[in-house]
Every structure is written in structure tokens, then in C-alpha cells.
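Visitor: What follows is a structure written as C-alpha cells; I'll ask about it next.
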Number of protein chains: 2
Amino acid sequence: MEKDLKVKGVNVPKTKLGLAKMNKLIETAEKLFTEKGFFDVSISDICKAAHTAVGTFYIYFESKTDVYRYLVEKYKKRIKGILASSIKDCKTRYEKEKEGVKSFIKYAVKNPNVYNIIWGSLAVDKQLFEDYYVSFAKTYAHAICGENRAVSVEDYSSLAYMLMGITNFLGLKAIFEKLSDKQIDEVVENTVMPVLSKGLFS
Amino acid sequence: MEKDLKVKGVNVPKTKLGLAKMNKLIETAEKLFTEKGFFDVSISDICKAAHTAVGTFYIYFESKTDVYRYLVEKYKKRIKGILASSIKDCKTRYEKEKEGVKSFIKYAVKNPNVYNIIWGSLAVDKQLFEDYYVSFAKTYAHAICGENRAVSVEDYSSLAYMLMGITNFLGLKAIFEKLSDKQIDEVVENTVMPVLSKGLFS
């Protein structure tokens, strides 16, 4: 469970026991959503599998969708944390892109469920899906444009979507092909960065 | 309905009446899957909404997943058709990328449901999702590498995923922001192609 994660419709308890109960519900819900799909899992199913009373569920969550929203926010926070930590020693935008792409793809291979939750949100609540990417793109575009024209492109928002697309789809490929960290480094250094750096047709 | 679309578990009828019935079931299923999610829709729901007997459903489809598989194959065929038609007069890989990206994004804005079906397949049947992208990437990589080193990259498969990612994520942005065809042309000509052509850091 993430500390200090504020999500609408979710009431984080103050006691250690309350946090443990809430955490158990979240973990169980994620497992069931992935196995059976959001719509085929009821609050009662989640509580039964987590050995928790239905009344307890409603102390922490206003609805089933709020648990899902919590999962999306959890992954958003984790991914942002991993990206931030991977680029903290990088001096240039080039280095930041390289380390950021590598760390996301490696995270995706170890947590393929991130696609189930994030892309699955399109079916659960379209707005949740849109908010996720709009917020991510905004932060990304801001980071790129804040660096005093570090890149030769003016439309930072479209560029952010392009870079998110590259990273997300290489994450898929790495999951499909079970790439090792070393293989991921090679793809990023030998293909991604040359394309990002000099383009395809130069 | 697509002509000549062969999908495992789907038996395309020979008569006009049969085709009309099958088509009605497919359209109804797509609408219900999008509204309620795959797992929350039963074969009986589909038949009821399509005013068709459940027995008739089983003449055409072996299971509910087979209808979904049909929808994924339908979009795959349509997208491939649109891409092929958009690049048919292009002489260079550069021109092909430009026209291909434009046409996919324009198609996505007019058919946002394509994301619900394709990305939703991850929850319905992981293998279906993986097969979709692996097959698409293979065709794409083959097209790029077949052109006598038209691009300055050796790992055609990773490059294909990068390009698919760019196109898919710009499609999302275009849907979120309700971009017009003219605005899409501008994003592709002023941002995508300069980045693909010369890179970010040149």
C-alpha cells in the first residue's frame, strides 16, 4: 500500500490494523479483477476472499470503482516514483530519456499487471483512463519543456504522447518476449536512443 | 461485417439471411461489451438484444470469446486495410510513415471503440491480445526491413513497436482532445515526422 495516497471515495484508516485490513482488500481486489474482470467481481466476492466483513469494506471504500481508482493511482504513483528515481543523477534530457525508458520497461516486465489495471480502466471508467494519461502527459510535457529547449520540438504535449507510446509498447514487447534487464538495456541503447537521437531517416 | 474473415470458432453462413443474422449478433455484442464489459454480458443478453434465438447464436459462434475474437480480427483487418490504402501511392518509407500515422489517428478518432476492443482483449484472453500485437509488429517490421535499408535502424521488430506505440498514443490524444483531421495533419507534419526524421536532439 502507498502511504499518503489520497483518492476520492477512499478513506485511509489511521490505525495499523485498519491499514492492514484495507491493504488486504486492495490486494485481493487487484487479484480478482485481473483473474475475472472488474464487472464479474462483486464487493461481496472481494470481502469473502479477503476474509473481511462487507461492512468493513464500506469503511474504506465508497464503491467498487473506488477500489479500482485506488489501484490506478497506486500504479501512477509507483511509475512516477520509479521514473523520478531512475533519472535523478542524469544531467541531460538525453540521459533522462534513456534511463527513464529502461526503468519503465524493466518495471513492466516485473509487473505486467500494470497494463491490465491501466488499460482495463478504459472499460471500468473512461474518464479514469483519460485522466490517467492526460495527467501523465502533462507532467512529462512539463518536464521536457522546462529544460530550456533541450529538444528540437515545439509541441511538447504531442511529444509526450509519442514518448509514452514508445515506452508502453516496448514494455509490451519485453513482456511478450520475456526480455532480461540486459536485453532491455540493449534495445534502448541500440534502437530507442539512436532513433530518438538522430531519427530514422538520417 | 467483413467478407472472407476466417476466425477460429466462427462459422460464417453462406446465405444472405444467415449473414444478416450473424452481423446483427456481432454488432449487438460489440455494443454490449463496450457498455457493460465482456464478463458482464451473457450469450443470452446478446441474443435478447439482437432478437435472436440462443440456438441461432451457436450456429455461428462456438462461444462468447469467439465473438470477441471475431471483433479483434475485424479491427485488425480494417486497420491493415486503411493503412495499406493510405500508403498505396507513397514512394518512400518516409511518405509511408507519414500517411500511415495520419490515417490511423483519423480512424481512431472516428472509431474510438477500437481501443475498447483491442486493449480490452487483455482482460478477455491475454493470448488474443498478444497475438494481435505480435502479428501486427511482424507485418510492420517486415514492411520496414523489406525496403532495402530505408531506415537507419537494424532492430526492425523493436522499431515496429516504437512506431505502433507512437501511433496508438497519438490516437488517444486525438480522441481525448477531439482533434480534427486538419489538426491531426498538423501534429503529424510538425511534430511526428520531424522527430522520426531527424530525432529529438539534433
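Convention: chains lettered A, B, ... in C-alpha cells order; per-chain residue numbering from 1; ligands numbered from 1 as shown.
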Give the superposed chain B as a short mmCIF file (atom, residue, chain, number, x, y, z; two decimals) with C-alpha atoms, in the first residue's frame, the fit being least squares on chain A over all ordered C-alpha pairs.
Guide:
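See superposed-v4.cif below for the written result:
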```
data_model
loop_
_atom_site.label_atom_id
_atom_site.label_comp_id
_atom_site.auth_asym_id
_atom_site.auth_seq_id
_atom_site.Cartn_x
_atom_site.Cartn_y
_atom_site.Cartn_z
CA MET B 1 0.01 0.00 0.00
CA GLU B 2 1.15 3.51 -0.77
CA LYS B 3 1.48 5.98 2.06
CA ASP B 4 -0.13 9.39 1.62
CA LEU B 5 -2.12 8.40 -1.44
CA LYS B 6 -5.29 10.47 -1.44
CA VAL B 7 -8.02 9.12 -3.70
CA LYS B 8 -11.62 10.32 -3.97
CA GLY B 9 -14.04 7.81 -2.44
CA VAL B 10 -11.27 6.15 -0.42
CA ASN B 11 -10.88 6.73 3.32
CA VAL B 12 -7.47 5.68 4.53
CA PRO B 13 -7.67 4.49 8.16
CA LYS B 14 -5.35 5.81 10.86
CA THR B 15 -4.62 2.62 12.81
CA LYS B 16 -2.13 -0.08 11.86
CA LEU B 17 -4.86 -2.73 11.99
CA GLY B 18 -7.12 -0.64 9.77
CA LEU B 19 -4.32 -0.13 7.24
CA ALA B 20 -3.63 -3.88 7.20
CA LYS B 21 -7.30 -4.63 6.54
CA MET B 22 -7.55 -2.03 3.81
CA ASN B 23 -4.37 -3.33 2.21
CA LYS B 24 -5.70 -6.89 2.21
CA LEU B 25 -8.87 -5.70 0.46
CA ILE B 26 -6.85 -3.83 -2.19
CA GLU B 27 -4.55 -6.77 -2.90
CA THR B 28 -7.46 -9.19 -3.09
CA ALA B 29 -9.44 -6.87 -5.37
CA GLU B 30 -6.48 -6.47 -7.76
CA LYS B 31 -6.05 -10.25 -7.95
CA LEU B 32 -9.76 -10.86 -8.59
CA PHE B 33 -10.12 -8.01 -11.11
CA THR B 34 -7.21 -9.44 -13.09
CA GLU B 35 -8.47 -13.01 -12.95
CA LYS B 36 -12.17 -12.43 -13.61
CA GLY B 37 -12.52 -8.88 -14.87
CA PHE B 38 -13.87 -5.90 -12.95
CA PHE B 39 -17.52 -6.40 -13.86
CA ASP B 40 -17.62 -10.02 -12.84
CA VAL B 41 -16.31 -9.39 -9.32
CA SER B 42 -18.65 -8.14 -6.60
CA ILE B 43 -17.80 -6.37 -3.36
CA SER B 44 -19.05 -9.49 -1.64
CA ASP B 45 -16.55 -11.63 -3.66
CA ILE B 46 -13.70 -9.34 -2.62
CA CYS B 47 -14.70 -9.43 1.05
CA LYS B 48 -15.16 -13.19 1.03
CA ALA B 49 -11.72 -13.80 -0.51
CA ALA B 50 -10.12 -11.29 1.87
CA HIS B 51 -11.94 -12.79 4.92
CA THR B 52 -13.41 -9.38 5.71
CA ALA B 53 -16.96 -8.30 6.52
CA VAL B 54 -18.76 -6.34 3.82
CA GLY B 55 -19.41 -3.57 6.36
CA THR B 56 -15.65 -3.16 6.77
CA PHE B 57 -15.25 -2.65 3.02
CA TYR B 58 -17.51 0.38 3.20
CA ILE B 59 -15.43 1.94 5.97
CA TYR B 60 -12.59 2.33 3.46
CA PHE B 61 -14.24 2.49 0.04
CA GLU B 62 -17.45 4.11 -1.13
CA SER B 63 -17.78 1.74 -4.11
CA LYS B 64 -16.07 -0.98 -6.14
CA THR B 65 -14.99 1.64 -8.70
CA ASP B 66 -13.19 3.49 -5.90
CA VAL B 67 -11.00 0.43 -5.24
CA TYR B 68 -10.18 0.39 -8.94
CA ARG B 69 -9.42 4.11 -8.87
CA TYR B 70 -7.11 3.45 -5.94
CA LEU B 71 -5.25 0.78 -7.97
CA VAL B 72 -4.80 3.16 -10.92
CA GLU B 73 -3.49 5.89 -8.60
CA LYS B 74 -1.20 3.38 -6.91
CA TYR B 75 0.42 2.44 -10.24
CA LYS B 76 0.61 6.07 -11.32
CA LYS B 77 2.46 6.96 -8.12
CA ARG B 78 4.78 3.94 -8.37
CA ILE B 79 5.65 4.58 -12.02
CA LYS B 80 6.27 8.27 -11.38
CA GLY B 81 8.45 7.29 -8.41
CA ILE B 82 10.46 4.78 -10.43
CA LEU B 83 10.96 7.25 -13.28
CA ALA B 84 11.98 10.04 -10.91
CA SER B 85 14.44 7.82 -9.11
CA SER B 86 15.93 6.45 -12.34
CA ILE B 87 16.75 9.92 -13.70
CA LYS B 88 17.83 11.64 -10.52
CA ASP B 89 21.55 11.60 -11.41
CA CYS B 90 21.07 12.38 -15.11
CA LYS B 91 22.39 15.68 -16.36
CA THR B 92 20.83 15.89 -19.83
CA ARG B 93 17.40 15.22 -21.35
CA TYR B 94 19.04 12.54 -23.47
CA GLU B 95 20.27 10.70 -20.37
CA LYS B 96 16.90 11.15 -18.67
CA GLU B 97 15.02 9.63 -21.60
CA LYS B 98 17.45 6.72 -21.76
CA GLU B 99 17.24 5.86 -18.07
CA GLY B 100 13.49 6.55 -17.87
CA VAL B 101 12.63 4.23 -20.78
CA LYS B 102 14.86 1.48 -19.41
CA SER B 103 13.40 1.66 -15.93
CA PHE B 104 9.78 1.68 -17.13
CA ILE B 105 10.27 -1.36 -19.38
CA LYS B 106 12.05 -3.27 -16.60
CA TYR B 107 9.23 -2.40 -14.21
CA ALA B 108 6.63 -3.54 -16.77
CA VAL B 109 8.28 -6.94 -17.20
CA LYS B 110 8.24 -7.47 -13.43
CA ASN B 111 4.69 -6.06 -13.06
CA PRO B 112 2.80 -6.92 -16.26
CA ASN B 113 -0.42 -6.40 -14.34
CA VAL B 114 0.10 -2.68 -14.69
CA TYR B 115 -1.35 -2.96 -18.24
CA ASN B 116 -4.36 -4.90 -17.00
CA ILE B 117 -5.14 -2.21 -14.47
CA ILE B 118 -4.35 0.91 -16.51
CA TRP B 119 -5.70 -0.20 -19.90
CA GLY B 120 -8.51 -2.08 -18.16
CA SER B 121 -9.65 1.25 -16.68
CA LEU B 122 -10.97 2.12 -20.14
CA ALA B 123 -13.76 -0.43 -19.59
CA VAL B 124 -14.30 0.43 -15.91
CA ASP B 125 -14.48 4.21 -16.23
CA LYS B 126 -13.42 6.02 -19.44
CA GLN B 127 -12.78 9.23 -17.52
CA LEU B 128 -10.39 7.45 -15.15
CA PHE B 129 -8.43 6.15 -18.16
CA GLU B 130 -8.34 9.56 -19.81
CA ASP B 131 -7.37 11.37 -16.60
CA TYR B 132 -4.50 8.94 -16.09
CA TYR B 133 -2.89 9.65 -19.45
CA VAL B 134 -3.74 13.35 -19.56
CA SER B 135 -2.11 13.82 -16.16
CA PHE B 136 0.91 11.73 -17.12
CA ALA B 137 1.36 13.55 -20.43
CA LYS B 138 1.09 16.92 -18.71
CA THR B 139 3.83 16.09 -16.21
CA TYR B 140 6.00 14.65 -18.98
CA ALA B 141 5.50 17.60 -21.33
CA HIS B 142 6.25 20.00 -18.47
CA ALA B 143 9.48 18.15 -17.69
CA ILE B 144 10.59 18.27 -21.33
CA CYS B 145 9.73 21.91 -21.97
CA GLY B 146 11.09 23.06 -18.64
CA GLU B 147 14.58 22.22 -19.76
CA ASN B 148 15.26 25.27 -21.79
CA ARG B 149 14.62 23.82 -25.24
CA ALA B 150 16.57 20.64 -24.62
CA VAL B 151 14.80 19.07 -27.57
CA SER B 152 14.21 20.33 -31.10
CA VAL B 153 10.41 20.04 -30.98
CA GLU B 154 7.84 22.71 -30.04
CA ASP B 155 4.69 20.62 -29.44
CA TYR B 156 5.66 19.17 -26.08
CA SER B 157 2.28 17.58 -25.47
CA SER B 158 2.32 15.52 -28.69
CA LEU B 159 5.94 14.65 -28.00
CA ALA B 160 4.99 13.41 -24.53
CA TYR B 161 2.37 11.07 -26.03
CA MET B 162 4.90 9.82 -28.59
CA LEU B 163 7.40 9.02 -25.85
CA MET B 164 4.76 7.40 -23.64
CA GLY B 165 3.68 5.31 -26.62
CA ILE B 166 7.21 4.16 -27.36
CA THR B 167 7.79 3.16 -23.75
CA ASN B 168 4.45 1.45 -23.27
CA PHE B 169 4.70 -0.57 -26.47
CA LEU B 170 8.30 -1.62 -25.87
CA GLY B 171 7.11 -2.68 -22.42
CA LEU B 172 4.57 -4.96 -24.12
CA LYS B 173 7.22 -6.42 -26.41
CA ALA B 174 9.51 -7.03 -23.43
CA ILE B 175 6.68 -8.83 -21.59
CA PHE B 176 5.75 -10.95 -24.65
CA GLU B 177 9.39 -11.93 -25.24
CA LYS B 178 10.35 -12.16 -21.56
CA LEU B 179 13.35 -9.88 -22.10
CA SER B 180 16.03 -9.74 -19.42
CA ASP B 181 17.27 -6.45 -17.96
CA LYS B 182 20.40 -6.81 -20.12
CA GLN B 183 18.30 -7.30 -23.28
CA ILE B 184 16.17 -4.29 -22.37
CA ASP B 185 19.33 -2.18 -21.96
CA GLU B 186 20.42 -3.30 -25.43
CA VAL B 187 17.10 -2.44 -27.10
CA VAL B 188 17.14 1.01 -25.51
CA GLU B 189 20.79 1.74 -26.27
CA ASN B 190 20.92 0.24 -29.78
CA THR B 191 17.49 1.17 -31.12
CA VAL B 192 15.43 3.56 -28.99
CA MET B 193 18.14 6.12 -28.30
CA PRO B 194 19.58 6.20 -31.84
CA VAL B 195 16.04 6.80 -33.19
CA LEU B 196 15.21 9.41 -30.55
CA SER B 197 18.58 11.00 -31.04
CA LYS B 198 19.07 11.12 -34.78
CA GLY B 199 15.81 9.89 -36.26
CA LEU B 200 15.02 7.11 -38.64
CA PHE B 201 15.95 8.61 -41.93
CA SER B 202 19.21 10.36 -41.21
#
```
